[in-house]
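Containing mmCIF, C-alpha atoms: query_23.cif.
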data_run
loop_
_atom_site.label_atom_id
_atom_site.label_comp_id
_atom_site.auth_asym_id
_atom_site.auth_seq_id
_atom_site.Cartn_x
_atom_site.Cartn_y
_atom_site.Cartn_z
CA MET I 263 0.00 0.00 0.00
CA ASN I 264 1.58 3.29 -0.99
CA GLU I 265 1.81 6.29 1.29
CA GLN I 266 -0.60 8.35 -0.74
CA LEU I 267 -3.34 5.77 -0.36
CA GLU I 268 -2.58 5.39 3.33
CA GLU I 269 -2.84 9.12 3.71
CA GLN I 270 -6.16 9.23 1.91
CA ALA I 271 -7.42 6.35 4.02
CA SER I 272 -6.36 8.11 7.22
CA LEU I 273 -8.07 11.33 6.20
CA TYR I 274 -11.14 9.41 5.10
CA VAL I 275 -11.42 7.70 8.46
CA PHE I 276 -11.46 11.06 10.22
CA GLY I 277 -13.92 12.49 7.69
CA LEU I 278 -11.33 14.96 6.47
CA LEU I 279 -11.49 14.33 2.73
CA GLU I 280 -13.31 16.87 0.62
CA SER I 281 -16.64 15.54 -0.63
CA SER I 282 -15.37 14.93 -4.16
CA GLU I 283 -12.24 13.20 -2.84
CA ALA I 284 -14.33 11.12 -0.46
CA ALA I 285 -16.65 10.05 -3.26
CA ALA I 286 -13.73 8.99 -5.44
CA PHE I 287 -12.14 7.18 -2.52
CA GLU I 288 -15.37 5.32 -1.77
CA ARG I 289 -15.63 4.22 -5.37
CA ARG I 290 -12.18 2.76 -5.12
CA LEU I 291 -13.03 1.12 -1.80
CA GLU I 292 -15.82 -0.84 -3.44
CA SER I 293 -13.39 -2.71 -5.64
CA ASP I 294 -10.20 -2.78 -3.60
CA ALA I 295 -10.33 -5.37 -0.82
CA ASP I 296 -6.90 -4.46 0.53
CA LEU I 297 -7.84 -0.82 0.81
CA ARG I 298 -11.13 -1.80 2.46
CA ALA I 299 -9.20 -3.84 5.00
CA LEU I 300 -6.84 -0.95 5.67
CA VAL I 301 -9.75 1.43 6.23
CA ASP I 302 -11.40 -1.03 8.60
CA ASP I 303 -8.14 -1.30 10.55
CA LEU I 304 -7.68 2.46 10.65
CA ASP I 305 -11.31 2.88 11.68
CA ALA I 306 -10.66 0.62 14.63
CA ALA I 307 -7.51 2.54 15.60
CA ALA I 308 -9.21 5.92 15.21
CA ALA I 309 -12.23 4.82 17.22
CA ARG I 310 -10.00 4.09 20.16
CA VAL I 311 -8.93 7.72 20.28
CA ALA I 312 -12.35 8.14 21.89
CA HIS I 313 -10.73 6.86 25.07
CA GLN I 314 -8.76 10.09 25.21
CA ALA I 315 -11.94 11.90 26.20
CA PRO I 316 -11.96 12.75 29.89
CA PRO I 317 -14.54 10.57 31.66
CA ARG I 318 -17.87 12.28 32.11
CA ALA I 319 -20.74 10.99 34.24
CA LEU I 320 -23.50 9.59 32.10
CA PRO I 321 -26.83 11.09 33.20
CA PRO I 322 -28.84 8.17 34.59
CA HIS I 323 -32.11 9.33 33.04
CA LEU I 324 -30.72 8.94 29.50
CA ARG I 325 -31.03 5.16 29.57
CA GLY I 326 -34.76 5.38 30.03
CA ARG I 327 -35.06 8.00 27.32
CA VAL I 328 -33.17 5.91 24.78
CA LEU I 329 -34.79 2.59 25.57
CA SER I 330 -38.23 4.10 25.66
CA GLN I 331 -37.71 5.62 22.24
CA ILE I 332 -36.54 2.27 20.95
CA GLY I 333 -39.49 0.54 22.57
CA GLU I 334 -42.00 2.85 21.04
CA GLY I 335 -40.86 1.81 17.64
CA ASN I 336 -38.89 4.99 17.41
CA LYS I 337 -41.77 7.20 16.60
CA VAL I 338 -40.56 10.55 15.41
CA MET I 339 -42.82 13.44 16.17
CA ALA I 340 -43.57 15.10 12.90
CA PHE I 341 -43.54 18.81 12.78
CA PRO I 342 -46.56 20.45 11.17
CA ARG I 343 -45.99 21.07 7.54
CA ARG I 344 -45.46 24.58 6.47
CA SER I 345 -48.55 26.22 5.11
CA VAL I 346 -48.18 28.92 2.59
CA TRP I 347 -50.29 31.28 4.61
CA ILE I 348 -48.18 31.03 7.71
CA PRO I 349 -46.74 34.46 8.25
CA TRP I 350 -43.28 35.12 9.38
CA ALA I 351 -44.72 36.75 12.41
CA LEU I 352 -42.92 35.93 15.59
CA ALA I 353 -46.11 35.12 17.36
CA ALA I 354 -46.78 32.18 15.08
CA CYS I 355 -43.34 30.79 15.67
CA LEU I 356 -43.84 31.23 19.35
CA ALA I 357 -47.15 29.42 19.37
CA LEU I 358 -45.70 26.45 17.56
CA THR I 359 -42.68 26.31 19.76
CA CYS I 360 -44.58 26.66 22.97
CA ALA I 361 -46.94 23.86 22.06
CA TYR I 362 -44.01 21.52 21.82
CA LEU I 363 -42.43 22.85 24.94
CA VAL I 364 -45.49 21.88 26.90
CA ALA I 365 -45.72 18.51 25.18
CA GLU I 366 -42.26 17.29 25.96
CA SER I 367 -39.41 19.40 27.17
CA SER I 368 -36.79 16.68 26.81
CA GLY I 369 -37.18 16.52 23.06
CA LEU I 370 -37.58 20.20 22.60
CA ARG I 371 -34.09 21.00 21.53
CA THR I 372 -34.13 18.45 18.74
CA ARG I 373 -37.46 19.65 17.46
CA ILE I 374 -36.45 23.27 17.71
CA THR I 375 -33.41 22.43 15.64
CA ARG I 376 -35.71 20.97 13.04
CA LEU I 377 -37.94 23.99 13.30
CA GLU I 378 -35.03 26.30 12.82
CA GLU I 379 -34.14 24.50 9.67
CA ARG I 380 -37.43 25.43 8.12
CA ASP I 381 -36.88 28.10 5.59
CA PHE I 382 -39.71 30.27 6.74
CA LEU I 383 -38.06 30.59 10.08
CA SER I 384 -34.62 31.21 8.76
CA ARG I 385 -34.72 34.84 9.74
CA VAL I 386 -35.60 34.33 13.34
CA GLN I 387 -33.77 32.63 16.12
CA ILE I 388 -35.53 30.44 18.62
CA ALA I 389 -34.01 29.56 21.94
CA SER I 390 -35.23 27.25 24.65
CA LEU I 391 -34.29 28.34 28.15
CA SER I 392 -34.18 25.74 30.88
CA SER I 393 -34.39 26.14 34.60
CA LYS I 394 -31.45 26.62 36.89
CA LEU I 395 -33.74 26.77 39.91
CA GLU I 396 -33.77 23.91 42.36
CA ASN I 397 -37.20 24.90 43.60
CA ALA I 398 -38.66 25.18 40.09
CA PRO I 399 -36.90 22.67 37.85
CA ASN I 400 -39.76 22.70 35.35
CA ALA I 401 -39.62 26.43 34.78
CA ASN I 402 -38.83 27.16 31.17
CA ALA I 403 -39.02 29.80 28.53
CA VAL I 404 -38.81 30.32 24.84
CA VAL I 405 -37.27 33.32 23.15
CA VAL I 406 -38.03 34.14 19.56
CA TRP I 407 -35.52 36.71 18.40
CA ASP I 408 -35.56 38.65 15.16
CA GLU I 409 -32.12 40.14 14.80
CA LYS I 410 -33.02 42.18 11.76
CA LYS I 411 -35.83 43.94 13.54
CA GLN I 412 -34.00 43.93 16.86
CA ARG I 413 -37.01 42.69 18.71
CA GLY I 414 -38.25 39.47 20.18
CA ILE I 415 -40.88 37.74 22.19
CA LEU I 416 -40.32 36.00 25.47
CA LYS I 417 -42.70 33.33 26.69
CA VAL I 418 -42.17 32.11 30.22
CA MET I 419 -43.85 29.17 31.90
CA GLN I 420 -43.86 27.82 35.44
CA LEU I 421 -41.49 30.46 36.70
CA PRO I 422 -42.06 31.26 40.40
CA ARG I 423 -43.71 34.55 41.13
CA ASN I 424 -41.10 37.15 41.96
CA ALA I 425 -41.13 39.04 45.25
CA ALA I 426 -42.48 42.59 45.21
CA ASP I 427 -39.02 44.08 45.55
CA ARG I 428 -37.57 41.99 42.73
CA ASP I 429 -37.85 41.77 38.97
CA TYR I 430 -36.78 39.18 36.50
CA GLN I 431 -34.44 40.53 33.84
CA LEU I 432 -33.71 39.17 30.38
CA TRP I 433 -30.16 39.19 29.01
CA LEU I 434 -28.87 38.59 25.50
CA VAL I 435 -25.33 37.31 25.21
CA ASP I 436 -23.55 38.91 22.26
CA PRO I 437 -19.79 38.22 22.08
CA ARG I 438 -19.22 41.76 20.84
CA TYR I 439 -19.94 43.01 24.32
CA LYS I 440 -18.15 42.28 27.52
CA ASN I 441 -21.39 42.03 29.44
CA PRO I 442 -24.73 40.57 28.35
CA VAL I 443 -27.13 43.09 26.82
CA ASP I 444 -30.14 44.13 28.85
CA GLY I 445 -33.37 42.81 27.34
CA GLY I 446 -35.65 44.43 29.88
CA VAL I 447 -37.33 43.53 33.13
CA PHE I 448 -40.58 41.73 33.79
CA HIS I 449 -42.44 40.02 36.56
CA VAL I 450 -44.67 37.00 36.65
CA ALA I 451 -47.93 36.40 38.46
CA ASN I 452 -49.04 33.42 40.48
CA ASP I 453 -49.61 31.27 37.43
CA GLY I 454 -45.95 31.60 36.46
CA MET I 455 -46.86 32.54 32.91
CA LEU I 456 -45.78 35.51 30.89
CA SER I 457 -45.60 36.52 27.26
CA VAL I 458 -43.87 39.76 26.53
CA ALA I 459 -42.21 41.55 23.62
CA PHE I 460 -38.79 43.02 24.17
CA HIS I 461 -36.47 45.47 22.40
CA PRO I 462 -32.88 45.62 23.66
CA ASN I 463 -31.62 49.14 24.02
CA THR I 464 -28.24 48.11 22.58
CA PRO I 465 -27.88 46.61 19.09
CA VAL I 466 -27.46 42.84 19.22
CA ARG I 467 -25.84 41.29 16.19
CA GLU I 468 -25.14 37.78 17.38
CA ALA I 469 -27.35 36.54 20.18
CA GLN I 470 -25.51 33.41 21.22
CA ALA I 471 -27.52 32.79 24.34
CA PHE I 472 -30.32 34.16 26.44
CA ALA I 473 -30.51 34.25 30.19
CA ILE I 474 -32.95 35.46 32.81
CA SER I 475 -31.74 36.56 36.19
CA LEU I 476 -33.54 37.66 39.31
CA GLU I 477 -32.62 41.24 40.10
CA ARG I 478 -33.69 44.08 42.33
CA LYS I 479 -36.81 45.98 41.37
CA GLY I 480 -36.38 47.99 38.19
CA GLY I 481 -33.43 45.95 36.92
CA VAL I 482 -29.71 46.51 36.79
CA THR I 483 -27.22 47.45 34.09
CA LYS I 484 -25.09 44.39 34.71
CA ALA I 485 -26.42 41.08 36.00
CA GLU I 486 -25.94 40.71 39.72
CA GLY I 487 -28.56 38.22 40.79
CA PRO I 488 -28.81 34.48 40.22
CA ILE I 489 -29.44 33.10 36.74
CA VAL I 490 -32.82 31.39 36.82
CA LEU I 491 -33.21 30.42 33.16
CA LEU I 492 -30.56 29.89 30.55
CA GLY I 493 -30.50 28.65 26.99
CA LYS I 494 -29.41 29.14 23.43
CA MET G 150 -29.24 -7.44 18.99
CA GLN G 151 -29.35 -7.67 15.21
CA ALA G 152 -32.60 -9.59 15.57
CA GLY G 153 -34.13 -6.56 17.23
CA ASP G 154 -33.79 -7.79 20.81
CA GLU G 155 -34.41 -4.80 23.05
CA GLN G 156 -32.83 -6.50 26.05
CA ALA G 157 -29.66 -7.10 24.08
CA PHE G 158 -29.69 -3.50 23.01
CA ALA G 159 -30.07 -2.40 26.63
CA THR G 160 -26.96 -4.43 27.48
CA PHE G 161 -25.19 -2.84 24.55
CA TYR G 162 -26.24 0.59 25.87
CA ASP G 163 -24.98 -0.21 29.37
CA LYS G 164 -21.62 -1.24 28.04
CA PHE G 165 -20.93 1.55 25.61
CA ALA G 166 -23.01 4.57 26.58
CA PRO G 167 -20.71 5.87 29.35
CA GLY G 168 -17.66 6.00 27.09
CA LEU G 169 -19.60 7.35 24.15
CA PHE G 170 -21.11 10.08 26.29
CA SER G 171 -17.64 11.17 27.41
CA MET G 172 -16.46 11.23 23.81
CA ILE G 173 -19.48 13.19 22.60
CA TYR G 174 -19.09 15.65 25.43
CA ALA G 175 -15.41 16.08 24.58
CA ILE G 176 -16.48 17.08 21.08
CA LEU G 177 -19.42 19.31 21.94
CA HIS G 178 -18.64 20.63 25.43
CA ASP G 179 -22.35 20.97 26.02
CA HIS G 180 -24.08 18.62 28.41
CA LYS G 181 -27.59 18.88 27.04
CA GLU G 182 -26.46 18.65 23.47
CA ALA G 183 -24.30 15.65 24.32
CA GLU G 184 -27.34 13.95 25.83
CA ASP G 185 -29.39 14.59 22.69
CA VAL G 186 -26.62 13.40 20.42
CA LEU G 187 -26.08 10.24 22.43
CA GLN G 188 -29.79 9.51 22.22
CA GLU G 189 -29.83 10.15 18.47
CA ALA G 190 -26.79 7.95 18.01
CA PHE G 191 -28.30 5.01 19.85
CA VAL G 192 -31.54 5.34 17.97
CA GLN G 193 -29.57 5.32 14.74
CA MET G 194 -27.61 2.27 15.89
CA TRP G 195 -30.88 0.51 16.71
CA LYS G 196 -32.14 1.24 13.23
CA ARG G 197 -28.90 0.11 11.68
CA THR G 198 -28.25 -3.05 13.67
CA ALA G 199 -29.16 -5.19 10.67
CA THR G 200 -26.42 -3.57 8.63
CA TYR G 201 -23.69 -4.05 11.22
CA ASP G 202 -20.94 -6.28 9.83
CA ALA G 203 -18.98 -8.00 12.56
CA THR G 204 -16.37 -9.15 10.08
CA ARG G 205 -15.41 -5.58 9.31
CA SER G 206 -15.45 -3.85 12.66
CA SER G 207 -16.01 -4.39 16.34
CA LEU G 208 -19.18 -3.12 18.00
CA PHE G 209 -17.03 -0.56 19.76
CA THR G 210 -15.63 0.84 16.51
CA TRP G 211 -19.06 0.86 14.92
CA ALA G 212 -20.65 2.65 17.88
CA VAL G 213 -17.83 5.19 18.17
CA MET G 214 -17.90 6.06 14.49
CA ILE G 215 -21.67 6.54 14.40
CA SER G 216 -21.64 8.62 17.57
CA ARG G 217 -18.64 10.68 16.55
CA HIS G 218 -20.18 11.38 13.17
CA LYS G 219 -23.35 12.63 14.82
CA ALA G 220 -21.41 14.76 17.28
CA ILE G 221 -19.26 16.30 14.56
CA ASP G 222 -22.39 17.01 12.53
CA HIS G 223 -23.85 18.86 15.49
CA LEU G 224 -20.62 20.69 16.09
CA ARG G 225 -20.42 21.88 12.51
CA ALA G 226 -24.07 22.84 12.46
CA ARG G 227 -23.75 24.87 15.61
CA GLU G 228 -23.68 28.46 14.42
CA ARG G 229 -23.93 30.17 17.70
CA GLN G 230 -21.55 29.43 20.45
CA SER G 231 -20.23 31.47 23.26
CA ARG G 232 -17.44 30.44 25.52
CA LEU G 233 -18.94 32.55 28.25
CA VAL G 234 -22.23 30.74 28.01
CA GLU G 235 -20.53 27.39 27.87
CA THR G 236 -18.79 28.13 31.09
CA VAL G 237 -21.96 29.28 32.77
CA ALA G 238 -23.92 26.33 31.43
CA GLU G 239 -21.25 23.91 32.53
CA GLU G 240 -21.28 25.30 36.02
CA ALA G 241 -25.05 25.19 36.11
CA ASN G 242 -25.06 21.64 34.85
CA ASP G 243 -22.78 20.28 37.47
CA PHE G 244 -23.58 16.62 37.47
CA ALA G 245 -21.12 15.84 40.20
CA THR G 246 -23.98 14.65 42.40
CA SER G 247 -25.55 12.52 39.69
CA ALA G 248 -25.64 8.83 40.44
CA PRO G 249 -23.40 7.13 37.93
CA ALA G 250 -25.41 4.66 35.87
CA ASP G 251 -22.42 2.52 35.21
CA ARG G 252 -21.60 -1.09 35.82
CA ALA G 253 -18.35 -1.68 37.64
CA ASP G 254 -17.15 -4.41 35.28
CA TYR G 255 -17.71 -2.28 32.22
CA ALA G 256 -16.12 0.71 33.91
CA LEU G 257 -13.05 -1.32 34.80
CA GLU G 258 -12.74 -2.68 31.28
CA ARG G 259 -13.06 0.83 29.90
CA SER G 260 -10.47 2.10 32.32
CA ASP G 261 -7.97 -0.57 31.22
CA GLU G 262 -8.56 0.23 27.60
CA ARG G 263 -8.22 3.94 28.29
CA GLU G 264 -4.84 3.36 29.87
CA ARG G 265 -3.68 1.35 26.85
CA VAL G 266 -4.77 4.09 24.48
CA ARG G 267 -3.19 6.79 26.59
CA ALA G 268 0.07 4.88 26.68
CA ALA G 269 -0.04 4.47 22.92
CA MET G 270 -0.88 8.11 22.35
CA ALA G 271 1.98 9.11 24.63
CA GLN G 272 4.36 7.24 22.40
CA LEU G 273 3.37 9.27 19.39
CA GLY G 274 5.38 12.36 18.71
CA GLU G 275 3.77 15.48 20.09
CA GLY G 276 2.95 16.73 16.63
CA GLN G 277 1.24 13.49 15.68
CA ARG G 278 -0.68 13.21 18.93
CA GLU G 279 -1.91 16.77 18.68
CA VAL G 280 -3.08 16.41 15.12
CA VAL G 281 -4.79 13.05 15.75
CA GLU G 282 -6.69 14.48 18.70
CA LEU G 283 -7.71 17.53 16.72
CA ALA G 284 -8.79 15.39 13.79
CA PHE G 285 -10.90 13.23 16.08
CA PHE G 286 -12.47 15.73 18.46
CA ALA G 287 -12.40 19.19 16.91
CA GLY G 288 -14.51 18.74 13.81
CA LEU G 289 -12.12 20.91 11.81
CA ALA G 290 -11.27 20.61 8.13
CA GLN G 291 -7.71 19.76 7.07
CA THR G 292 -6.95 23.36 6.26
CA GLN G 293 -8.34 24.56 9.58
CA ILE G 294 -6.15 22.09 11.44
CA ALA G 295 -3.15 23.34 9.46
CA GLU G 296 -4.02 26.95 10.28
CA LYS G 297 -4.58 26.18 13.93
CA LEU G 298 -1.25 24.45 14.26
CA GLY G 299 0.60 26.79 11.94
CA ALA G 300 1.93 23.94 9.85
CA PRO G 301 1.82 23.25 6.12
CA LEU G 302 -1.12 21.17 4.95
CA GLY G 303 1.18 18.45 3.65
CA THR G 304 2.78 18.13 7.07
CA ILE G 305 -0.63 17.82 8.72
CA LYS G 306 -1.71 15.09 6.33
CA ALA G 307 1.53 13.20 6.86
CA ARG G 308 1.22 13.46 10.64
CA ILE G 309 -2.32 12.14 10.54
CA ARG G 310 -1.23 9.20 8.43
CA ARG G 311 1.82 8.39 10.51
CA GLY G 312 -0.05 8.88 13.77
CA LEU G 313 -2.94 6.66 12.82
CA ILE G 314 -0.75 3.93 11.34
CA ALA G 315 1.39 3.99 14.47
CA LEU G 316 -1.67 3.72 16.68
CA ARG G 317 -2.88 0.76 14.67
CA GLU G 318 0.46 -0.96 15.16
CA MET G 319 0.66 -0.20 18.86
CA LEU G 320 -2.90 -1.03 19.78
CA GLY G 321 -3.06 -4.19 17.74
CA ALA G 322 -6.28 -6.13 17.96
CA VAL G 323 -9.49 -4.17 18.12
CA SER G 324 -11.36 -3.91 21.34
CA SER G 325 -14.68 -5.57 21.84
#

Please express what this file holds, its structure, as structure tokens.
Amino acid sequence: MNEQLEEQASLYVFGLLESSEAAAFERRLESDADLRALVDDLDAAAARVAHQAPPRALPPHLRGRVLSQIGEGNKVMAFPRRSVWIPWALAACLALTCAYLVAESSGLRTRITRLEERDFLSRVQIASLSSKLENAPNANAVVVWDEKKQRGILKVMQLPRNAADRDYQLWLVDPRYKNPVDGGVFHVANDGMLSVAFHPNTPVREAQAFAISLERKGGVTKAEGPIVLLGK
Amino acid sequence: MQAGDEQAFATFYDKFAPGLFSMIYAILHDHKEAEDVLQEAFVQMWKRTATYDATRSSLFTWAVMISRHKAIDHLRARERQSRLVETVAEEANDFATSAPADRADYALERSDERERVRAAMAQLGEGQREVVELAFFAGLAQTQIAEKLGAPLGTIKARIRRGLIALREMLGAVSS
């Protein structure tokens, strides 16, 4: 086996060949048993590099999630098909997203990813915020953010009512700024629900994450209180 | 498992999920995303069990390659990422108190294998080790690896080849 083929095989195993190179290489693989054997060997060697990953505790609940999905025949929740009349309006996106949030929070991220891939949503960003509160682990929120219009909608659910001398405050994390950008303050009632539009007072070009903290009444210029919801 | 035995698949999960989760996390550095990717990977493996060819690869290799591929796909698709948020999220997602869902025998076996791989990696030259790790975990293209390491593309390709061939020689037989 010459070095050039070995090199191609090594790059192929790591997925580093350009698509045209990979296609040509795969064609050759189909008819070259020695090359196939080399790739299988290199696959095995490369796979063992996985052991270089620092050990990380496997969340116990994942086993149930996986096996239950297998057991159910791997049903995949279909997202509603796009209708031509669906407007780009943020409210529509929010309604769709929130419906799924209520249905099953564990699968939300995957479905949101699918949702984001829809072309009619390509201009808006949807983020799912999960709870950081021990006393309200089911609290959650969805942010629909339209960067072009510099406005968004925040929908909060099951968030504990804030004390009279406190406000919740939304933050947008934009790497251009040292500190997260203030998205405004809000408070929630006993039912823990809130839907509010927001307009950051500083231009946000790349909202990489959204966070909600609990601050003193009226809000602060820089987050001081605990983060209660976080997501991207 | 290839006959669609869920119990066999559960055993397969118990054996490989802990190591795969660590690998996926090392690629994505995001706990929730790593969970989702691990789940997607196992579902895909379940769907593909009939196509698994034991004469070509071990279950371990097969599972790693499917999981890594999924993780790299997620990594490349991720358009928004903030180191600040990662740090915050990581702190917030401290799973130190989580009960490990891991069987001692599997953990021990994995630990032995990890030591073998670490020893083998340590024997590679620094340049080869670095480039192999980047190729595996970073989801970068060849040119990006070359830029990151400040080395010519030809050198990077040669290091990947030499590193991987050397690993194959040192590690010998595939793991189960």

Practice task
Using all atoms listed in the file, find the residues of chain I whose closest atom to chain G is at most 6 Å away, then write them as number ranges by chain.
Solution key: I: 269, 272, 278, 306-307, 309, 312-313, 315, 317-320, 322, 328, 470

Edge lengths and centre in Å to one decimal, as AutoDock Vina command-line options, of the axis-aligned box that encloses all listed atoms of stretch 294-313 of chain G with 8 Å added on every side?
--center_x -1.7 --center_y 16.8 --center_z 9.0 --size_x 24.9 --size_y 36.3 --size_z 26.6

Exercise for the section: Take atom CA of G:Thr304 and atom CA of I:Leu279 and report the distance between them in Å, one decimal. Expected result: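 These atoms are spaced 15.4 Å apart.
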
Problem - Atom pair atom CA of I:Glu292 / atom CA of I:Val311: separation (Å) - result: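 Rounded to one decimal, the two atoms are 26.1 Å apart.
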
Starting from the displayed file, determine the output of the PyMOL selection byres ((chain I and resi 287) around 12) and express the residue list as a tab-separated table (two decimals) with C-alpha atoms, keeping the file's coordinate frame.
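Contents of expr_1.tsv, freshly written:
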chain	number	residue	atom	x	y	z
I	266	GLN	CA	-0.60	8.35	-0.74
I	267	LEU	CA	-3.34	5.77	-0.36
I	268	GLU	CA	-2.58	5.39	3.33
I	269	GLU	CA	-2.84	9.12	3.71
I	270	GLN	CA	-6.16	9.23	1.91
I	271	ALA	CA	-7.42	6.35	4.02
I	272	SER	CA	-6.36	8.11	7.22
I	273	LEU	CA	-8.07	11.33	6.20
I	274	TYR	CA	-11.14	9.41	5.10
I	275	VAL	CA	-11.42	7.70	8.46
I	277	GLY	CA	-13.92	12.49	7.69
I	278	LEU	CA	-11.33	14.96	6.47
I	279	LEU	CA	-11.49	14.33	2.73
I	280	GLU	CA	-13.31	16.87	0.62
I	281	SER	CA	-16.64	15.54	-0.63
I	282	SER	CA	-15.37	14.93	-4.16
I	283	GLU	CA	-12.24	13.20	-2.84
I	284	ALA	CA	-14.33	11.12	-0.46
I	285	ALA	CA	-16.65	10.05	-3.26
I	286	ALA	CA	-13.73	8.99	-5.44
I	288	GLU	CA	-15.37	5.32	-1.77
I	289	ARG	CA	-15.63	4.22	-5.37
I	290	ARG	CA	-12.18	2.76	-5.12
I	291	LEU	CA	-13.03	1.12	-1.80
I	292	GLU	CA	-15.82	-0.84	-3.44
I	293	SER	CA	-13.39	-2.71	-5.64
I	294	ASP	CA	-10.20	-2.78	-3.60
I	297	LEU	CA	-7.84	-0.82	0.81
I	298	ARG	CA	-11.13	-1.80	2.46
I	301	VAL	CA	-9.75	1.43	6.23

Practice task
Let me know the residues the PyMOL selection byres ((chain I and resi 461) around 7) catches in the file above, as a ChimeraX atom specification.
Solution key: /I:412-414,445,460,462-463

Problem - Distance of atom CA of I:Ser390 from atom CA of I:Val406, expressed in Å to one decimal place - result: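 These two atoms are separated by 9.0 Å.
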
Handout entry: Protein, DNA and RNA residues within 6 Å of (-28.8, 30.9, 31.5), all atoms listed in the file, as a PyMOL selection string
Key = chain I and resi 473+489+491-493

Practice task
Report as a list in words the full result of the PyMOL selection byres ((chain I and resi 400) around 12) when it is applied to this structure.
Solution key: Leu363, Val364, Glu366, Ser367, Ser368, Leu391, Ser392, Ser393, Lys394, Leu395, Glu396, Asn397, Ala398, Pro399, Ala401, Asn402, Ala403, Val418, Met419, Gln420, Leu421, Pro422, Gly454, Val490 and Leu491 of chain I

Exercise for the section: May I have the residues at most 12 Å from (-20.9, 46.9, 29.6) in the file's coordinates, counting only C-alpha atoms, as a VMD selection string? Expected result: chain I and resid 435 to 444 464 482 to 485
